[in-house]
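Just start39.tsv here, TSV, C-alpha atoms:
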chain	number	residue	atom	x	y	z
A	1	MET	CA	1.84	-14.52	6.62
A	2	ALA	CA	-0.95	-13.75	4.14
A	3	PRO	CA	-1.62	-16.04	1.14
A	4	THR	CA	0.47	-15.59	-2.04
A	5	ASP	CA	2.63	-13.09	-0.26
A	6	VAL	CA	6.23	-14.21	0.05
A	7	THR	CA	7.64	-13.38	-3.41
A	8	THR	CA	5.92	-10.01	-3.38
A	9	LEU	CA	7.32	-9.44	0.11
A	10	ILE	CA	10.82	-10.22	-1.18
A	11	ARG	CA	10.34	-7.97	-4.22
A	12	THR	CA	9.18	-5.14	-1.94
A	13	GLU	CA	12.07	-5.56	0.49
A	14	LEU	CA	14.80	-6.07	-2.15
A	15	PRO	CA	15.59	-2.36	-2.79
A	16	ARG	CA	16.29	-1.96	0.94
A	17	LEU	CA	18.70	-4.90	1.06
A	18	ALA	CA	22.37	-4.62	0.15
A	19	GLY	CA	25.28	-6.83	-0.77
A	20	SER	CA	24.97	-10.52	0.02
A	21	LEU	CA	21.40	-10.28	1.34
A	22	ARG	CA	20.28	-8.79	-1.96
A	23	LYS	CA	21.97	-11.61	-3.89
A	24	VAL	CA	19.95	-14.17	-1.95
A	25	GLY	CA	16.70	-12.35	-2.67
A	26	GLU	CA	17.46	-12.00	-6.37
A	27	LEU	CA	18.17	-15.71	-6.78
A	28	ILE	CA	14.96	-16.66	-4.97
A	29	LEU	CA	12.90	-14.41	-7.26
A	30	GLU	CA	14.72	-15.76	-10.32
A	31	ASP	CA	13.59	-19.36	-9.67
A	32	PRO	CA	11.41	-19.84	-6.55
A	33	ALA	CA	10.61	-23.44	-7.48
A	34	ALA	CA	14.27	-24.43	-7.59
A	35	VAL	CA	14.91	-22.82	-4.23
A	36	THR	CA	12.31	-25.09	-2.59
A	37	ARG	CA	14.64	-28.01	-3.40
A	38	CYS	CA	17.72	-26.34	-1.85
A	39	SER	CA	19.07	-26.46	1.66
A	40	ALA	CA	20.16	-23.19	3.25
A	41	ALA	CA	23.78	-24.20	2.78
A	42	GLU	CA	23.25	-24.97	-0.92
A	43	LEU	CA	21.44	-21.67	-1.50
A	44	GLY	CA	24.36	-19.93	0.18
A	45	ARG	CA	26.78	-21.63	-2.20
A	46	ARG	CA	24.67	-20.75	-5.26
A	47	THR	CA	24.66	-17.09	-4.28
A	48	GLY	CA	28.31	-17.01	-3.34
A	49	THR	CA	27.41	-16.24	0.26
A	50	SER	CA	26.87	-18.60	3.21
A	51	GLN	CA	24.23	-20.49	5.17
A	52	ALA	CA	24.36	-17.78	7.85
A	53	THR	CA	23.65	-15.12	5.23
A	54	VAL	CA	20.60	-17.04	4.01
A	55	THR	CA	19.32	-17.20	7.58
A	56	ARG	CA	19.93	-13.46	8.02
A	57	PHE	CA	18.05	-12.80	4.77
A	58	CYS	CA	15.01	-14.69	6.06
A	59	ARG	CA	14.99	-12.66	9.26
A	60	ALA	CA	15.51	-9.43	7.32
A	61	ILE	CA	12.24	-9.97	5.46
A	62	GLY	CA	10.36	-10.96	8.62
A	63	LEU	CA	10.49	-14.76	8.51
A	64	ASP	CA	11.48	-16.92	11.47
A	65	SER	CA	13.77	-19.30	9.60
A	66	TYR	CA	14.80	-20.75	6.25
A	67	GLN	CA	12.29	-23.54	6.81
A	68	HIS	CA	9.57	-20.90	7.09
A	69	LEU	CA	10.68	-19.48	3.73
A	70	LEU	CA	10.52	-22.91	2.09
A	71	ILE	CA	7.00	-23.49	3.42
A	72	GLU	CA	5.82	-20.12	2.15
A	73	LEU	CA	7.35	-20.70	-1.30
A	74	ALA	CA	5.80	-24.16	-1.59
A	75	GLN	CA	2.38	-22.91	-0.53
A	76	GLU	CA	2.54	-19.98	-2.93
A	77	ARG	CA	3.48	-22.29	-5.78
A	78	GLY	CA	0.55	-24.56	-4.99
A	79	ARG	CA	-1.89	-21.66	-4.94
A	80	GLY	CA	-0.50	-20.35	-8.21
A	81	GLN	CA	-1.17	-23.64	-9.97
A	82	VAL	CA	-4.90	-23.42	-9.21
A	83	SER	CA	-5.26	-19.64	-9.45
A	84	ASP	CA	-7.85	-18.17	-11.80
A	85	TRP	CA	-5.54	-15.20	-12.38
A	86	GLY	CA	-3.00	-17.26	-14.31
A	87	THR	CA	-0.10	-15.86	-12.30
A	88	ALA	CA	1.81	-19.14	-12.53
A	89	GLU	CA	2.29	-18.54	-16.25
A	90	ILE	CA	2.48	-14.74	-16.33
A	91	GLY	CA	5.61	-13.10	-14.96
A	92	PRO	CA	5.94	-9.57	-13.61
A	93	GLU	CA	7.72	-8.09	-16.63
A	94	ILE	CA	6.24	-6.64	-19.82
A	95	SER	CA	8.46	-6.48	-22.90
A	96	PRO	CA	8.02	-4.17	-25.93
A	97	ASP	CA	7.01	-7.18	-28.04
A	98	ASP	CA	4.28	-8.55	-25.77
A	99	SER	CA	0.75	-8.75	-27.14
A	100	LEU	CA	-2.01	-6.53	-25.81
A	101	GLU	CA	-3.69	-9.66	-24.41
A	102	ARG	CA	-0.63	-10.43	-22.29
A	103	VAL	CA	-0.35	-6.79	-21.18
A	104	VAL	CA	-3.95	-6.86	-19.95
A	105	GLN	CA	-3.38	-10.18	-18.14
A	106	VAL	CA	-0.19	-9.00	-16.43
A	107	VAL	CA	-1.60	-5.63	-15.38
A	108	GLY	CA	-4.86	-7.16	-14.19
A	109	SER	CA	-3.23	-9.94	-12.19
A	110	THR	CA	-0.70	-7.53	-10.67
A	111	ASP	CA	-3.38	-5.12	-9.50
A	112	LEU	CA	-5.64	-7.87	-8.18
A	113	ARG	CA	-2.76	-9.48	-6.31
A	114	ALA	CA	-1.72	-6.20	-4.69
A	115	VAL	CA	-5.27	-5.48	-3.53
A	116	GLN	CA	-5.87	-9.01	-2.21
A	117	GLN	CA	-2.58	-9.13	-0.35
A	118	THR	CA	-3.31	-5.76	1.26
A	119	VAL	CA	-6.71	-7.02	2.41
A	120	ASP	CA	-5.16	-10.25	3.74
A	121	ARG	CA	-2.50	-8.38	5.71
A	122	ILE	CA	-4.60	-5.45	6.90
A	123	ASP	CA	-4.12	-4.45	10.52
A	124	LEU	CA	-7.68	-4.04	11.81
A	125	ASP	CA	-6.52	-2.46	15.05
A	126	ALA	CA	-4.53	0.18	13.15
A	127	ILE	CA	-7.50	0.98	10.89
A	128	GLU	CA	-9.76	1.27	13.93
A	129	ARG	CA	-7.37	3.58	15.79
A	130	ALA	CA	-6.90	5.80	12.73
A	131	ALA	CA	-10.66	5.96	12.11
A	132	GLN	CA	-11.45	6.75	15.74
A	133	ALA	CA	-8.94	9.60	15.71
A	134	ALA	CA	-10.18	10.96	12.36
A	135	ALA	CA	-13.85	10.75	13.36
A	136	ARG	CA	-13.33	12.99	16.38
A	137	ALA	CA	-10.59	15.23	14.91
A	138	ARG	CA	-10.98	18.98	14.90
A	139	ARG	CA	-9.06	19.01	11.64
A	140	ILE	CA	-7.40	16.47	9.32
A	141	ASP	CA	-4.33	17.12	7.16
A	142	VAL	CA	-3.37	14.72	4.34
A	143	TYR	CA	0.14	14.96	2.83
A	144	GLY	CA	1.33	13.46	-0.46
A	145	VAL	CA	3.28	14.49	-3.56
A	146	GLY	CA	3.49	13.14	-7.10
A	147	GLY	CA	1.34	10.05	-7.55
A	148	SER	CA	0.63	10.03	-3.82
A	149	GLY	CA	-0.55	13.64	-4.16
A	150	ALA	CA	-3.43	12.46	-6.31
A	151	VAL	CA	-4.29	9.90	-3.63
A	152	ALA	CA	-4.11	12.62	-0.95
A	153	GLN	CA	-6.62	14.69	-2.90
A	154	GLU	CA	-8.87	11.65	-3.32
A	155	THR	CA	-8.71	11.12	0.45
A	156	GLU	CA	-9.72	14.74	0.98
A	157	THR	CA	-12.69	14.33	-1.37
A	158	ARG	CA	-13.95	11.23	0.44
A	159	LEU	CA	-13.67	12.58	3.98
A	160	PHE	CA	-14.86	16.08	3.10
A	161	ARG	CA	-18.13	14.73	1.73
A	162	ILE	CA	-18.99	13.07	5.05
A	163	GLY	CA	-18.45	16.26	7.02
A	164	CYS	CA	-14.81	16.06	8.06
A	165	ALA	CA	-12.74	19.25	8.22
A	166	VAL	CA	-10.01	17.89	5.93
A	167	ARG	CA	-7.46	19.30	3.51
A	168	GLY	CA	-5.08	17.50	1.16
A	169	TRP	CA	-1.68	19.17	0.82
A	170	THR	CA	0.53	18.38	-2.20
A	171	GLU	CA	3.11	21.17	-1.90
A	172	VAL	CA	5.71	20.90	0.83
A	173	HIS	CA	5.75	24.52	2.04
A	174	ALA	CA	1.97	24.64	2.35
A	175	ALA	CA	1.96	21.21	4.01
A	176	ALA	CA	4.60	22.27	6.54
A	177	THR	CA	2.76	25.50	7.29
A	178	SER	CA	-0.45	23.62	7.97
A	179	ALA	CA	1.38	21.00	10.07
A	180	ALA	CA	2.90	23.73	12.23
A	181	LEU	CA	-0.62	24.94	13.09
A	182	LEU	CA	-1.96	21.56	14.21
A	183	THR	CA	-2.85	20.68	17.79
A	184	PRO	CA	-3.39	17.47	19.80
A	185	ALA	CA	-7.02	17.62	18.67
A	186	ASP	CA	-5.99	17.07	15.04
A	187	VAL	CA	-4.93	14.20	12.75
A	188	ALA	CA	-2.25	14.18	10.03
A	189	ILE	CA	-2.06	11.47	7.38
A	190	GLY	CA	1.08	10.98	5.26
A	191	ILE	CA	0.84	8.93	2.06
A	192	SER	CA	3.94	7.56	0.32
A	193	HIS	CA	4.43	4.21	-1.42
A	194	SER	CA	8.14	4.14	-0.53
A	195	GLY	CA	7.77	5.95	2.77
A	196	ALA	CA	10.95	7.85	1.95
A	197	THR	CA	9.61	10.98	0.23
A	198	ARG	CA	11.04	13.90	2.19
A	199	GLU	CA	8.25	16.28	1.20
A	200	THR	CA	5.79	13.95	2.93
A	201	VAL	CA	7.96	12.82	5.85
A	202	GLU	CA	8.86	16.34	7.01
A	203	PRO	CA	5.32	17.70	7.50
A	204	LEU	CA	4.25	14.48	9.21
A	205	GLU	CA	7.18	14.75	11.61
A	206	LEU	CA	6.23	18.36	12.31
A	207	ALA	CA	2.59	17.40	12.88
A	208	ARG	CA	3.72	14.82	15.42
A	209	GLU	CA	5.85	17.42	17.20
A	210	ARG	CA	2.75	19.59	17.46
A	211	GLY	CA	0.92	16.74	19.22
A	212	ALA	CA	-1.38	15.68	16.37
A	213	THR	CA	-2.17	12.00	15.89
A	214	THR	CA	-0.08	10.91	12.90
A	215	VAL	CA	-0.96	8.17	10.42
A	216	ALA	CA	1.40	6.73	7.77
A	217	ILE	CA	0.06	4.90	4.71
A	218	THR	CA	3.00	3.17	3.03
A	219	SER	CA	4.29	-0.17	1.74
A	220	ASP	CA	7.36	0.00	4.01
A	221	PRO	CA	6.60	-0.37	7.74
A	222	ARG	CA	10.25	0.45	8.57
A	223	SER	CA	10.45	3.63	6.48
A	224	ALA	CA	11.06	7.17	7.69
A	225	LEU	CA	7.37	7.95	7.17
A	226	ALA	CA	6.32	4.96	9.27
A	227	LYS	CA	8.71	6.01	12.05
A	228	ALA	CA	7.10	9.46	12.11
A	229	ALA	CA	3.64	7.97	12.64
A	230	ASP	CA	1.67	6.89	15.68
A	231	ILE	CA	-0.38	4.56	13.46
A	232	ARG	CA	0.84	2.64	10.38
A	233	LEU	CA	-1.37	1.32	7.58
A	234	VAL	CA	0.71	-0.95	5.35
A	235	SER	CA	-0.07	-1.59	1.69
A	236	THR	CA	1.35	-4.17	-0.70
A	237	ALA	CA	2.58	-3.58	-4.23
A	238	SER	CA	3.52	-5.89	-7.09
A	239	GLU	CA	5.56	-4.30	-9.86
A	240	THR	CA	5.43	-4.87	-13.60
A	241	GLY	CA	7.53	-3.49	-16.42
A	242	PHE	CA	6.50	0.17	-17.11
A	243	LEU	CA	4.22	0.18	-14.03
A	244	THR	CA	6.39	0.82	-10.98
A	245	GLY	CA	4.19	1.54	-7.98
A	246	ILE	CA	0.85	1.27	-9.80
A	247	GLY	CA	-0.26	-1.81	-7.87
A	248	GLY	CA	0.75	0.07	-4.74
A	249	ARG	CA	-1.63	2.91	-5.55
A	250	HIS	CA	-4.57	0.54	-5.84
A	251	SER	CA	-3.74	-1.15	-2.55
A	252	ILE	CA	-3.36	2.24	-0.82
A	253	LEU	CA	-6.80	3.22	-2.12
A	254	VAL	CA	-8.20	0.05	-0.53
A	255	LEU	CA	-6.79	1.17	2.83
A	256	ILE	CA	-8.23	4.66	2.35
A	257	ASP	CA	-11.64	3.28	1.42
A	258	CYS	CA	-11.65	1.13	4.56
A	259	LEU	CA	-10.66	4.13	6.65
A	260	TYR	CA	-13.30	6.33	5.00
A	261	VAL	CA	-16.14	3.85	5.52
A	262	ARG	CA	-15.15	3.26	9.14
A	263	VAL	CA	-15.05	7.02	9.81
A	264	ALA	CA	-18.52	7.30	8.24
A	265	GLN	CA	-19.76	4.55	10.56
A	266	LEU	CA	-18.28	6.18	13.64
A	267	SER	CA	-19.76	9.59	12.76
A	268	TYR	CA	-22.96	8.17	11.27
A	269	GLN	CA	-25.32	11.07	11.97
A	270	ARG	CA	-22.89	13.70	10.69
A	271	ALA	CA	-21.93	11.61	7.66
A	272	SER	CA	-25.55	10.84	6.76
A	273	ALA	CA	-26.56	14.47	7.07
A	274	SER	CA	-23.63	15.60	4.93
A	275	LEU	CA	-24.38	13.06	2.21
A	276	ALA	CA	-28.06	14.01	2.21
A	277	LEU	CA	-27.17	17.67	1.72
A	278	THR	CA	-24.90	16.93	-1.23
A	279	ASP	CA	-26.58	14.00	-3.03
A	280	HIS	CA	-28.51	16.28	-5.38
A	281	ILE	CA	-25.40	18.04	-6.72
A	282	VAL	CA	-24.25	15.29	-9.08
A	283	ALA	CA	-27.79	14.77	-10.41
A	284	GLN	CA	-28.15	18.50	-11.13
A	285	HIS	CA	-24.98	18.47	-13.20
A	286	THR	CA	-25.74	15.36	-15.24
A	287	VAL	CA	-26.21	15.95	-18.96
A	288	LYS	CA	-29.29	14.13	-20.18
A	289	SER	CA	-28.81	12.22	-23.44
A	290	ARG	CA	-31.04	13.04	-26.38
A	291	ARG	CA	-32.36	10.20	-28.44
A	292	SER	CA	-32.34	10.73	-32.18
A	293	ARG	CA	-35.75	10.64	-33.84
As structure tokens - that is how I would like this structure written.
Amino acid sequence: MAPTDVTTLIRTELPRLAGSLRKVGELILEDPAAVTRCSAAELGRRTGTSQATVTRFCRAIGLDSYQHLLIELAQERGRGQVSDWGTAEIGPEISPDDSLERVVQVVGSTDLRAVQQTVDRIDLDAIERAAQAAARARRIDVYGVGGSGAVAQETETRLFRIGCAVRGWTEVHAAATSAALLTPADVAIGISHSGATRETVEPLELARERGATTVAITSDPRSALAKAADIRLVSTASETGFLTGIGGRHSILVLIDCLYVRVAQLSYQRASASLALTDHIVAQHTVKSRRSR
């Protein structure tokens, strides 16, 4: 497991847990330090569940055992005490009465943590496979709606500038139409923080039926979007009050930047030529400042 990851992992998984498993997760997040002093049986009693439920909770979030959970919590606490981000003192919630200084600290630490955890957990093989497919693709579709729609358009901008035949689709009918026209020579990328957005899942499923290589970028590796993909790139998100999913967007952009740079490397001559042909455009549209005399 990546550093400083276990409480964020629990927070990410919690909405997908129900009943007694959710109770265990909520108590751990409420006081992680206290949990490190509990046995599995005691934690079961505190949550009104059982030792077996605690064990099932650990496995549900991808840990081998309760002992593994305790080790991760202890290590995370130790890192937090020496962290420059101050995350040991700053919680994930922002109240209406918090100072602007605290708001900046919470938002900054949340975003930094999400990005670092994504980098620590990144699947290099998945990035490589996605980049190889995109570099040789006849055409690339990118699907996303809402906040993920903006990320889809950003992905289009990056890949288009290095010579890829790419289009970002943010409307479901247009996305589905494009997906239906894909072939095994093409790549489709679906972007969704939750992985459950139907308007993104459906065109990716259709693209896969058409034989295209499908890539999911999501924080949930067990989501419907991930199941529709040949390749999964998993992000991490920490939430704060008023900022649901914002950390996730930053971590998804890290994955997209890694993918973009790797595609540029793999298609170096094409990418270099494309950049050379477009470098002058920004300079030509820069307004020169006038100094007052």
Grab the atom CA of Gly195 of chain A to atom CA of Ile256 of chain A distance for me, in Å with one decimal place. 16.1 Å
Residues of segment 156-177 of chain A that approach segment 205-228 of chain A to 10 Å or less, counting only C-alpha atoms: could you list each one with the shortest pair of atoms and its distance in Å to one decimal, rows by chain and increasing residue number, as a Markdown table?
| residue | atom | partner | partner_atom | distance |
| --- | --- | --- | --- | --- |
| A:Ala175 | CA | A:Ala207 | CA | 9.7 |
| A:Ala176 | CA | A:Leu206 | CA | 7.2 |
| A:Thr177 | CA | A:Leu206 | CA | 9.4 |
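For the set A:Val151, A:Val103, A:Ala134, A:Leu73, the residue with the smallest atom-to-atom gap to Ala34 of chain A is A:Leu73, counting only C-alpha atoms.
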Per-axis box centre and lengths in Å around segment 6-11 of chain A, 8 Å margin per side, axis-aligned, as lines of an AutoDock Vina configuration file:
center_x = 8.4
center_y = -11.1
center_z = -2.1
size_x = 20.9
size_y = 22.2
size_z = 20.3
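Distances to Gln265 of chain A were evaluated for A:Gln132, A:Ser109, A:Ser65, A:Ser20 using all atoms listed in the file, and the minimum falls at A:Gln132.
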The distance between atom CA of Leu14 of chain A and atom CA of Ala114 of chain A is 16.7 Å
If you count all atoms listed in the file, the residue of A:Val254, A:Ala271, A:Ala52, A:Leu233 closest to Leu112 of chain A turns out to be A:Val254
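Near Tyr143 of chain A, within a cut-off of 10 Å and counting all atoms listed in the file, sit the residues Ser148, Gly149, Val151, Ala152, Gln153, Thr155, Arg167, Gly168, Trp169, Thr170, Glu171, Val172, Ala174, Ala175, Ala176, Ala179, Ala188, Ile189, Gly190, Ile191, Ser192, Glu199, Thr200, Val201, Glu202, Pro203, Leu204 and Ala216 of chain A, with same-chain residues fewer than 5 positions away left out.
For the pair atom CA of Gln105 of chain A and atom CA of Ile71 of chain A, the separation is 27.4 Å.
Using all atoms listed in the file, the smallest distance between any of A:Ala150, A:Ile28, A:Leu124, A:Ile162 and Ala273 of chain A comes from A:Ile162.
Among A:Gly163, A:Arg22, A:Val142, A:Gly108, the residue with the shortest atom-to-atom distance to Ala276 of chain A, counting only C-alpha atoms, is A:Gly163.
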Surrounding residues of Glu42 of chain A excluding itself and chain neighbours under 6 positions, 12 Å, all atoms listed in the file, as a VMD selection string: chain A and resid 24 34 to 36 48 to 54 66
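Counting all atoms listed in the file and comparing A:Ser178, A:Thr286, A:Thr118, A:Thr157, the residue that lies closest to Arg249 of chain A is A:Thr118.
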Could you rebuild segment 113-139 of chain A with N, CA, C and O atoms and give it back as a short mmCIF file (atom, residue, chain, number, x, y, z; two decimals), keeping the file's coordinate frame?
data_model
loop_
_atom_site.label_atom_id
_atom_site.label_comp_id
_atom_site.auth_asym_id
_atom_site.auth_seq_id
_atom_site.Cartn_x
_atom_site.Cartn_y
_atom_site.Cartn_z
N ARG A 113 -3.60 -8.88 -7.34
CA ARG A 113 -2.76 -9.48 -6.31
C ARG A 113 -2.41 -8.46 -5.23
O ARG A 113 -2.45 -8.76 -4.03
N ALA A 114 -2.07 -7.24 -5.66
CA ALA A 114 -1.72 -6.20 -4.69
C ALA A 114 -2.89 -5.88 -3.77
O ALA A 114 -2.73 -5.75 -2.55
N VAL A 115 -4.08 -5.78 -4.34
CA VAL A 115 -5.27 -5.48 -3.53
C VAL A 115 -5.57 -6.62 -2.57
O VAL A 115 -5.81 -6.41 -1.38
N GLN A 116 -5.54 -7.88 -3.07
CA GLN A 116 -5.87 -9.01 -2.21
C GLN A 116 -4.86 -9.17 -1.08
O GLN A 116 -5.23 -9.46 0.06
N GLN A 117 -3.59 -8.98 -1.38
CA GLN A 117 -2.58 -9.13 -0.35
C GLN A 117 -2.69 -8.03 0.71
O GLN A 117 -2.46 -8.27 1.90
N THR A 118 -3.09 -6.83 0.29
CA THR A 118 -3.31 -5.76 1.26
C THR A 118 -4.47 -6.10 2.18
O THR A 118 -4.39 -5.92 3.40
N VAL A 119 -5.55 -6.62 1.61
CA VAL A 119 -6.71 -7.02 2.41
C VAL A 119 -6.33 -8.14 3.38
O VAL A 119 -6.71 -8.14 4.56
N ASP A 120 -5.55 -9.11 2.89
CA ASP A 120 -5.16 -10.25 3.74
C ASP A 120 -4.28 -9.82 4.91
O ASP A 120 -4.32 -10.42 5.98
N ARG A 121 -3.47 -8.78 4.69
CA ARG A 121 -2.50 -8.38 5.71
C ARG A 121 -2.97 -7.18 6.53
O ARG A 121 -2.25 -6.71 7.40
N ILE A 122 -4.16 -6.70 6.29
CA ILE A 122 -4.60 -5.45 6.90
C ILE A 122 -4.62 -5.56 8.42
O ILE A 122 -5.01 -6.59 9.00
N ASP A 123 -4.16 -4.52 9.06
CA ASP A 123 -4.12 -4.45 10.52
C ASP A 123 -5.42 -3.78 10.98
O ASP A 123 -5.54 -2.55 10.93
N LEU A 124 -6.37 -4.58 11.43
CA LEU A 124 -7.68 -4.04 11.81
C LEU A 124 -7.58 -3.07 12.98
O LEU A 124 -8.30 -2.07 13.03
N ASP A 125 -6.68 -3.35 13.91
CA ASP A 125 -6.52 -2.46 15.05
C ASP A 125 -6.00 -1.10 14.60
O ASP A 125 -6.45 -0.06 15.09
N ALA A 126 -5.07 -1.09 13.65
CA ALA A 126 -4.53 0.18 13.15
C ALA A 126 -5.61 0.98 12.42
O ALA A 126 -5.71 2.20 12.59
N ILE A 127 -6.39 0.30 11.58
CA ILE A 127 -7.50 0.98 10.89
C ILE A 127 -8.47 1.57 11.90
O ILE A 127 -8.92 2.72 11.77
N GLU A 128 -8.80 0.80 12.92
CA GLU A 128 -9.76 1.27 13.93
C GLU A 128 -9.21 2.49 14.67
O GLU A 128 -9.94 3.48 14.89
N ARG A 129 -7.96 2.45 15.07
CA ARG A 129 -7.37 3.58 15.79
C ARG A 129 -7.32 4.83 14.92
O ARG A 129 -7.63 5.94 15.38
N ALA A 130 -6.95 4.66 13.65
CA ALA A 130 -6.90 5.80 12.73
C ALA A 130 -8.30 6.37 12.51
O ALA A 130 -8.49 7.60 12.48
N ALA A 131 -9.29 5.50 12.34
CA ALA A 131 -10.66 5.96 12.11
C ALA A 131 -11.23 6.66 13.34
O ALA A 131 -11.90 7.69 13.22
N GLN A 132 -10.98 6.12 14.51
CA GLN A 132 -11.45 6.75 15.74
C GLN A 132 -10.87 8.15 15.87
O GLN A 132 -11.58 9.11 16.23
N ALA A 133 -9.58 8.29 15.61
CA ALA A 133 -8.94 9.60 15.71
C ALA A 133 -9.50 10.57 14.66
O ALA A 133 -9.77 11.74 14.97
N ALA A 134 -9.68 10.09 13.42
CA ALA A 134 -10.18 10.96 12.36
C ALA A 134 -11.63 11.38 12.60
O ALA A 134 -12.03 12.51 12.32
N ALA A 135 -12.43 10.45 13.13
CA ALA A 135 -13.85 10.75 13.36
C ALA A 135 -14.06 11.87 14.37
O ALA A 135 -15.02 12.64 14.26
N ARG A 136 -13.17 11.97 15.34
CA ARG A 136 -13.33 12.99 16.38
C ARG A 136 -12.39 14.19 16.19
O ARG A 136 -12.39 15.13 16.99
N ALA A 137 -11.61 14.19 15.12
CA ALA A 137 -10.59 15.23 14.91
C ALA A 137 -11.23 16.60 14.65
O ALA A 137 -12.23 16.71 13.95
N ARG A 138 -10.60 17.59 15.20
CA ARG A 138 -10.98 18.98 14.90
C ARG A 138 -10.66 19.29 13.44
O ARG A 138 -11.42 19.96 12.75
N ARG A 139 -9.53 18.74 12.99
CA ARG A 139 -9.06 19.01 11.64
C ARG A 139 -8.19 17.85 11.18
O ARG A 139 -7.49 17.23 12.00
#
